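The next block is structure25.cif, given as mmCIF, C-alpha atoms.
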data_coords
loop_
_atom_site.label_atom_id
_atom_site.label_comp_id
_atom_site.auth_asym_id
_atom_site.auth_seq_id
_atom_site.Cartn_x
_atom_site.Cartn_y
_atom_site.Cartn_z
CA MET A 196 0.00 0.00 0.00
CA GLU A 197 1.12 3.51 -0.74
CA ILE A 198 0.07 6.58 1.27
CA VAL A 199 0.36 10.07 -0.22
CA LYS A 200 -0.04 12.86 2.34
CA THR A 201 -1.35 16.32 1.48
CA ARG A 202 -1.88 19.07 4.02
CA GLU A 203 -4.00 22.15 3.34
CA GLY A 204 -4.20 24.29 6.46
CA ASP A 205 -5.85 22.16 9.14
CA LYS A 206 -6.98 19.48 6.65
CA LEU A 207 -4.86 16.36 6.16
CA THR A 208 -5.64 14.15 3.18
CA LEU A 209 -4.23 10.64 2.97
CA ALA A 210 -4.59 9.11 -0.49
CA LEU A 211 -4.38 5.32 -0.20
CA SER A 212 -3.56 2.96 -3.03
CA GLY A 213 -3.24 -0.80 -3.20
CA ARG A 214 -4.40 -3.15 -0.45
CA LEU A 215 -5.16 -2.25 3.16
CA ASP A 216 -4.77 -5.52 5.01
CA THR A 217 -3.03 -7.14 7.99
CA LEU A 218 0.40 -6.35 6.57
CA THR A 219 -0.25 -2.72 5.63
CA ALA A 220 -2.73 -1.57 8.31
CA PRO A 221 0.07 -0.80 10.82
CA GLN A 222 1.59 1.59 8.27
CA LEU A 223 -1.66 3.60 8.02
CA GLU A 224 -2.15 3.46 11.79
CA ALA A 225 1.34 4.94 12.33
CA VAL A 226 0.67 7.75 9.86
CA ILE A 227 -2.65 8.61 11.52
CA LYS A 228 -1.08 8.58 14.99
CA ASN A 229 2.00 10.60 14.01
CA GLU A 230 0.83 13.03 11.31
CA LEU A 231 -2.24 14.65 12.86
CA ASP A 232 -0.47 17.62 14.47
CA GLY A 233 -2.72 20.60 13.87
CA ALA A 234 -5.18 18.69 11.71
CA LYS A 235 -8.87 19.20 12.43
CA ASP A 236 -10.09 17.38 9.35
CA LEU A 237 -8.81 14.03 8.11
CA VAL A 238 -9.78 12.85 4.63
CA LEU A 239 -8.99 9.31 3.53
CA ASP A 240 -9.06 9.27 -0.26
CA LEU A 241 -9.73 5.66 -1.28
CA LYS A 242 -9.83 6.20 -5.05
CA ASP A 243 -6.95 3.79 -5.68
CA LEU A 244 -7.59 1.42 -2.77
CA ILE A 245 -8.63 -1.95 -4.16
CA TYR A 246 -9.10 -3.99 -0.97
CA VAL A 247 -9.70 -3.46 2.74
CA SER A 248 -9.62 -6.21 5.38
CA SER A 249 -10.89 -6.20 8.94
CA ALA A 250 -7.47 -4.90 10.04
CA GLY A 251 -7.97 -1.93 7.73
CA LEU A 252 -11.47 -1.34 9.07
CA ARG A 253 -10.03 -1.31 12.58
CA VAL A 254 -7.60 1.46 11.58
CA PHE A 255 -10.45 3.44 9.99
CA LEU A 256 -12.37 3.13 13.27
CA MET A 257 -9.33 4.19 15.31
CA GLY A 258 -8.90 7.24 13.07
CA HIS A 259 -12.59 8.08 13.38
CA LYS A 260 -12.47 7.88 17.19
CA THR A 261 -9.33 10.01 17.32
CA MET A 262 -10.71 12.64 14.96
CA SER A 263 -14.12 12.80 16.66
CA LYS A 264 -12.34 14.37 19.64
CA ILE A 265 -10.61 17.10 17.61
CA GLY A 266 -12.49 17.47 14.33
CA SER A 267 -13.83 15.17 11.65
CA MET A 268 -12.88 12.32 9.36
CA GLU A 269 -14.37 11.37 6.02
CA LEU A 270 -13.82 8.69 3.43
CA CYS A 271 -13.99 9.84 -0.17
CA ASN A 272 -13.82 8.23 -3.61
CA VAL A 273 -14.87 4.86 -2.19
CA CYS A 274 -15.23 2.14 -4.84
CA GLU A 275 -18.32 -0.07 -4.90
CA ASP A 276 -16.51 -3.15 -3.50
CA ILE A 277 -15.28 -1.26 -0.45
CA LYS A 278 -18.66 0.48 -0.03
CA GLU A 279 -20.22 -2.98 0.12
CA VAL A 280 -17.77 -4.06 2.84
CA LEU A 281 -18.55 -0.88 4.81
CA THR A 282 -22.28 -1.47 4.43
CA ILE A 283 -22.21 -5.16 5.38
CA THR A 284 -20.10 -4.47 8.48
CA GLY A 285 -22.22 -1.50 9.58
CA PHE A 286 -19.29 0.90 9.23
CA ALA A 287 -21.17 2.86 6.54
CA ASP A 288 -23.44 4.10 9.34
CA ILE A 289 -20.45 5.34 11.37
CA PHE A 290 -18.27 7.06 8.76
CA THR A 291 -18.93 10.08 6.60
CA ILE A 292 -18.59 8.77 3.05
CA LYS A 293 -18.39 11.16 0.11
#

Here is the file; what I need is its structure written in the form of structure tokens.
Amino acid sequence: MEIVKTREGDKLTLALSGRLDTLTAPQLEAVIKNELDGAKDLVLDLKDLIYVSSAGLRVFLMGHKTMSKIGSMELCNVCEDIKEVLTITGFADIFTIK
């Protein structure tokens, strides 16, 4: 998985590509934990993400909980396969998806 970070003021966008699974979830978790300084809005751009496992969903949830204390988090450009995973697991009701 590749993560491209873009910061615009207090908005941090993380563009994810590839697979978010057991092997790559710790990488995203570390970025979320270490790169939020001053960020009030976190956007996870999933345009090029082709797969998310339960480990990836856990990191999304951790990011959501962290950001709910200081601002907001949204998922954008979510493909149909990942939308289906979010819907089946009930995460679509938790996250802001654009």

For stretch 257-267 of chain A, I'd like the enclosing box, axis-aligned and padded by 8 Å on every side, reported as AutoDock Vina command-line options with centre and edge lengths in Å to one decimal.
--center_x -11.5 --center_y 10.8 --center_z 15.6 --size_x 21.2 --size_y 29.3 --size_z 24.0

Practice item. Any chance you could resolve the PyMOL selection byres ((chain A and resi 255-268) around 6) against this file and give the residues as a list in words? Key: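 Checked against the file, the PyMOL selection byres ((chain A and resi 255-268) around 6) matches Lys235, Asp236, Leu237, Val238, Leu252, Arg253, Val254 and Glu269 of chain A.
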
Next, write the just-selected residues to a file, as a PDB file, in the coordinates of the input, keeping C-alpha atoms as the atom set.
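Final output, selection-v5.pdb:
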ATOM      1  CA  LYS A 235      -8.870  19.200  12.430  1.00  0.00           C
ATOM      2  CA  ASP A 236     -10.090  17.380   9.350  1.00  0.00           C
ATOM      3  CA  LEU A 237      -8.810  14.030   8.110  1.00  0.00           C
ATOM      4  CA  VAL A 238      -9.780  12.850   4.630  1.00  0.00           C
ATOM      5  CA  LEU A 252     -11.470  -1.340   9.070  1.00  0.00           C
ATOM      6  CA  ARG A 253     -10.030  -1.310  12.580  1.00  0.00           C
ATOM      7  CA  VAL A 254      -7.600   1.460  11.580  1.00  0.00           C
ATOM      8  CA  GLU A 269     -14.370  11.370   6.020  1.00  0.00           C
TER       9      GLU A 269
END

Practice item. Using the chain letters and numbers from the file, give me the residues hit by the PyMOL selection byres ((chain A and resi 218) around 12), as a ChimeraX atom specification. Key: /A:196,213-217,219-224,247-251

Practice item. Please write the residues picked by the PyMOL selection byres ((chain A and resi 270) around 10) on this file as a list in words. Key: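 On this input, the PyMOL selection byres ((chain A and resi 270) around 10) captures Thr208, Leu209, Leu237, Val238, Leu239, Asp240, Leu241, Lys242, Phe255, Met268, Glu269, Cys271, Asn272, Val273, Ala287, Phe290, Thr291, Ile292 and Lys293 of chain A.
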
Practice item. List the residues sitting within 6 Å of (-4.4, 4.8, -0.4) in the file's frame, using all atoms listed in the file, as a ChimeraX atom specification. Key: /A:197-198,210-212,241,243-244

Could those residues be written to a file, using C-alpha atoms, as a PDB file, in the frame of the given file?
ATOM      1  CA  GLU A 197       1.120   3.510  -0.740  1.00  0.00           C
ATOM      2  CA  ILE A 198       0.070   6.580   1.270  1.00  0.00           C
ATOM      3  CA  ALA A 210      -4.590   9.110  -0.490  1.00  0.00           C
ATOM      4  CA  LEU A 211      -4.380   5.320  -0.200  1.00  0.00           C
ATOM      5  CA  SER A 212      -3.560   2.960  -3.030  1.00  0.00           C
ATOM      6  CA  LEU A 241      -9.730   5.660  -1.280  1.00  0.00           C
ATOM      7  CA  ASP A 243      -6.950   3.790  -5.680  1.00  0.00           C
ATOM      8  CA  LEU A 244      -7.590   1.420  -2.770  1.00  0.00           C
TER       9      LEU A 244
END

Practice item. Select, from A:Gly204, A:Thr284, A:Lys278, A:Ile289, the residue with the minimum atom-to-atom distance to A:Ala234, counting all atoms listed in the file. Key: A:Gly204

**Study point:** Two-atom distance - atom CA of A:Ile245, atom CA of A:Cys274 (Å)
**Key:** 7.8 Å

Check your understanding: Expressed in Å to a single decimal, how great is the separation between atom CA of A:Glu203 and atom CA of A:Ile227?
Key ->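 Between atom CA of A:Glu203 and atom CA of A:Ile227 the gap works out to 15.9 Å.
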
Point to revise | Å distance separating atom CA of A:Ile277 from atom CA of A:Lys206, one decimal place | key: 23.4 Å
